[in-house]
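A.B. asks: Below you will find the structure I want to go over with you.
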Amino acid sequence: MKILFLAAESAPLAKVGGLGDVAGDLPRALQNFGIDVRPFIPFYRSINRSDIELDLVDDIFVDYPLGSEKALIYRTLINGSKTYLIDGEPIGAVNGIYSDPQVDAHRFTFFSLAALQAAKSMGWKPDILHAHDWHTSSAVVWLNRNRDSDPFWKNTASLLTVHNLPYMGAGGEDALDYYGIEAVDDERLPGWARHMALPMGLATADWINTVSPGYAQEIQTPEFGHGLEVLITDRKDYVRGILNGLDIRRWDPTTDKALPKHFKRDDLNPRQEARFAMLEALGLDTNPKVPLLAMITRLDHQKGVDLAIQSLVNLTKEDWQFILLGTGDPNLEAMAKGFESDYPDRARSIIRYDDHLARNIYAGADMMLIPSRYEPCGLTQMISMRYGCVPVVAATGGLKDTVTDYVSNPQGTGFVFSPINSDELTQTIRNALTMYRDKRRWRGLQRRGMNIDFSWQQSARKYTELYQQAHSERSQK
Ligand code: GLC
């Protein structure tokens, strides 16, 4: 099996969010199944050229209706596996990963077409084109339109993975036109979506998947489908949900270098050390009887930071302390800071990216609040469980698929609430705070969460099966 794997991010080279983790980890997991997967990302200016070893493997031209643009193809080794980087004038137009929607559409369309061209120029014929999100959807559309006339691509099937449906590539019409990617004429799509990268990809991909089974169902409804539910429902026989995995070596409380003391499932007492040091450094109460609640998140409307803060305000009569870590939307950053100054003796809002502190929060906090309004998969609930921090999650997408509610199931691993609003969250936190006082039961909750296998192994196997199915269907055409 040969897989051409296209994404806008790939950790550790280029990462903004969960997409970067997935596009970094999944190819490595697939390689363990003997699959020849070649991940491609744009060669952003923010990637430090002196930090990595680079081989220039090819230079090509990307043709478009009015001319052609040069692209350079580099290869580098990251943790022992190959990643390809594509450079060219559009990519270098800005420094970082994401910028203005129009500029980005231009960069990512160029990148997507260049990657296809690079595979062909290298004489490496992929069985599957695996694209992720709107950024690389134009490759799927291009393949759909050209494989009948180009024997090189005849047997290549496409899979489009959706990590976040509302980000569809709006504003990219001119860029698509520039590269000759004309609108799709598909009545299942609303008019506004017919010339937008992600919807066009969803209409033309052989297979579609999302990053959890729950989200795969949700995007077929008006509530979560953002206007694309008619198309997605019509294509449901070609829609799958495959849960993301976790890099269980990078996230391991028995070896994590950031922690003052390591711990394992059958001895959770050393968790106190991380907690004590952290609370002391933040000037909070170190008494272990006071439950420590936390939130580690991008500050985005999706993540429900406002719901968490409102619920804690509703619960001021209860005993708790709270640490929030993250950056993002300036309004939400201000709200978080405001909450800290209203409750200086029990709340801290730390507005930055801090991997070291994040690891200590996972290790030292009692509960992680994850009240997302929607969550295609989510990573923090998995890391929390692995570190013995009990998740309190909204019943949506991947959160619902990975956390079992303890109130309704004695084998539960956390607390799951719905409908998603602050009243329901308030009540759920209240239940959790009550449960926290029963130390023995709380230990059970922590241990069951720590017992779950979130490794990439299972996801990679499911992707392998889906690749095989897509490939064999394509070969019969
Ligand atoms: C997006 C989604 C998140 C998912 C991640 C990786 O960031 O919002 O739920 O875990 O992609 O698939």
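Within each chain, counting starts at residue 1; across the structure tokens, chains are named A, B, ... in the order shown, with ligands numbered 1 upward in that order.
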Around ligand 1, which protein and nucleic acid residues have at least one atom no more than 6 Å from it, if we count only C-alpha atoms and all ligand atoms? List them as a list of chain:residue names.
C.D. replies: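 With only C-alpha atoms and all ligand atoms and a cut-off of 6 Å, ligand 1 is contacted by A:Gly17, A:Gly18, A:Leu19, A:Val22, A:His163, A:Asn164, A:Val211, A:Glu375, A:Pro376, A:Cys377, A:Gly378, A:Leu379.
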A.B. asks: Please list as a tab-separated table (two decimals) with C-alpha atoms, in the first residue's frame every residue within 12 Å of Trp192 in chain A, counting only C-alpha atoms and excluding residues in the same chain fewer than 2 positions away.
C.D. replies:
chain	number	residue	atom	x	y	z
A	168	MET	CA	-14.39	24.97	5.16
A	169	GLY	CA	-12.00	27.29	3.34
A	170	ALA	CA	-14.38	30.23	2.95
A	171	GLY	CA	-12.90	33.10	0.96
A	172	GLY	CA	-10.84	30.81	-1.21
A	173	GLU	CA	-12.90	31.02	-4.41
A	183	ALA	CA	-17.03	24.90	-8.66
A	184	VAL	CA	-18.84	21.57	-8.30
A	185	ASP	CA	-22.30	21.30	-9.70
A	186	ASP	CA	-23.81	19.23	-6.92
A	187	GLU	CA	-27.40	19.78	-5.86
A	188	ARG	CA	-26.83	18.18	-2.49
A	189	LEU	CA	-24.73	21.20	-1.53
A	190	PRO	CA	-26.13	24.67	-0.80
A	194	ARG	CA	-20.20	24.66	-4.21
A	195	HIS	CA	-17.03	26.65	-4.64
A	196	MET	CA	-15.49	26.09	-1.21
A	197	ALA	CA	-12.67	23.61	-0.74
A	198	LEU	CA	-13.99	21.34	2.03
A	199	PRO	CA	-17.55	20.88	0.72
A	200	MET	CA	-16.15	20.28	-2.77
A	226	HIS	CA	-23.32	23.42	9.12
A	227	GLY	CA	-25.39	23.17	5.96
A	228	LEU	CA	-23.54	20.15	4.61
A.B. asks: Please provide as a list in words all residues within 9 Å of Ser349 in chain A, with the sequence filter that same-chain residues fewer than 3 positions apart are discarded (counting only C-alpha atoms).
C.D. replies: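 So the residues in contact are Phe322, Ile323, Leu324, Leu325, Gly326, Glu333, Ala336, Lys337, Gly338, Phe339 and Glu340 of chain A.
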A.B. asks: In terms of the shortest atom-to-atom distance over only C-alpha atoms, which of A:Leu116, A:Met450, A:Lys264, A:Arg298 is closest to Val16 in chain A?
C.D. replies: A:Arg298
A.B. asks: Once you count only C-alpha atoms, what closest atom pair and distance in Å to one decimal does each residue of range 64-170 of chain A within 8 Å of range 3-6 of chain A have, with rows by chain and rising residue number, as JSON lines?
C.D. replies:
{"residue": "A:Ser112", "atom": "CA", "partner": "A:Leu6", "partner_atom": "CA", "distance": 7.3}
{"residue": "A:Ala115", "atom": "CA", "partner": "A:Leu6", "partner_atom": "CA", "distance": 7.7}
{"residue": "A:Ala119", "atom": "CA", "partner": "A:Leu4", "partner_atom": "CA", "distance": 7.9}
{"residue": "A:Pro126", "atom": "CA", "partner": "A:Ile3", "partner_atom": "CA", "distance": 5.4}
{"residue": "A:Asp127", "atom": "CA", "partner": "A:Ile3", "partner_atom": "CA", "distance": 6.0}
{"residue": "A:Ile128", "atom": "CA", "partner": "A:Ile3", "partner_atom": "CA", "distance": 4.9}
{"residue": "A:Leu129", "atom": "CA", "partner": "A:Leu4", "partner_atom": "CA", "distance": 4.9}
{"residue": "A:His130", "atom": "CA", "partner": "A:Phe5", "partner_atom": "CA", "distance": 4.8}
{"residue": "A:Ala131", "atom": "CA", "partner": "A:Leu6", "partner_atom": "CA", "distance": 4.9}
{"residue": "A:His132", "atom": "CA", "partner": "A:Leu6", "partner_atom": "CA", "distance": 6.4}
{"residue": "A:Thr136", "atom": "CA", "partner": "A:Leu6", "partner_atom": "CA", "distance": 6.4}
A.B. asks: For the helix (DSSP H, G or I) assignment from backbone DSSP, which residues of range 228-402 of chain A qualify? Please present them as number ranges by chain.
C.D. replies: A: 229-234, 236-238, 271-281, 301-303, 305-314, 330-342, 355-364, 380-386, 397-402
A.B. asks: Using only C-alpha atoms, which residues sit within 9 Å of Ile41 in chain A once same-chain residues fewer than 4 positions away are excluded, as a ChimeraX atom specification?
C.D. replies: /A:5-10,14,83-86,111,115
A.B. asks: For Asn48 in chain A, please output as JSON, numbers by chain all residues within 9 Å (counting only C-alpha atoms; exclusion window: fewer than 4 positions along the same chain).
C.D. replies: {"A": [13, 44, 52]}
A.B. asks: Produce a file of the selected residues containing N, CA, C and O atoms, as a compact mmCIF listing (two decimals), in the first residue's frame.
C.D. replies:
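File produced: out.txt:
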# COMPACT_ATOMS: atom_id res chain seq x y z
N LEU A 13 7.22 19.45 13.42
CA LEU A 13 7.69 20.52 12.52
C LEU A 13 6.75 21.72 12.49
O LEU A 13 7.20 22.86 12.50
N TYR A 44 6.92 25.82 5.59
CA TYR A 44 6.68 27.15 6.15
C TYR A 44 8.01 27.83 6.49
O TYR A 44 8.96 27.17 6.89
N ILE A 52 17.05 20.91 10.95
CA ILE A 52 16.74 19.61 10.36
C ILE A 52 17.65 19.31 9.18
O ILE A 52 18.19 20.23 8.56
A.B. asks: Quick one: distance from CA of Pro12 in chain A to CA of Leu176 in chain A in Å, one decimal?
C.D. replies: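 Between these atoms lies a distance of 29.1 Å.
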A.B. asks: Which is closer to Trp153 in chain A than all the others in A:Leu246, A:Ser384, A:Leu312, A:Ser475, using only C-alpha atoms?
C.D. replies: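 Smallest separation from Trp153 in chain A among the options: A:Ser475.
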A.B. asks: Mind checking which residues fall within 6 Å of range 436-449 of chain A, counting only C-alpha atoms, ignoring those fewer than 2 positions away in the same chain, and posting them as a count of residues only?
C.D. replies: 8
A.B. asks: Could you check how far CA of Thr254 in chain A sits from CA of Tyr387 in chain A, in Å to one decimal?
C.D. replies: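 Rounded to one decimal, the two atoms are 9.3 Å apart.
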A.B. asks: Run DSSP on the backbone of this structure and report the residues of range 165-210 of chain A it assigns to strand (DSSP E or B), as a ChimeraX atom specification.
C.D. replies: /A:207-210
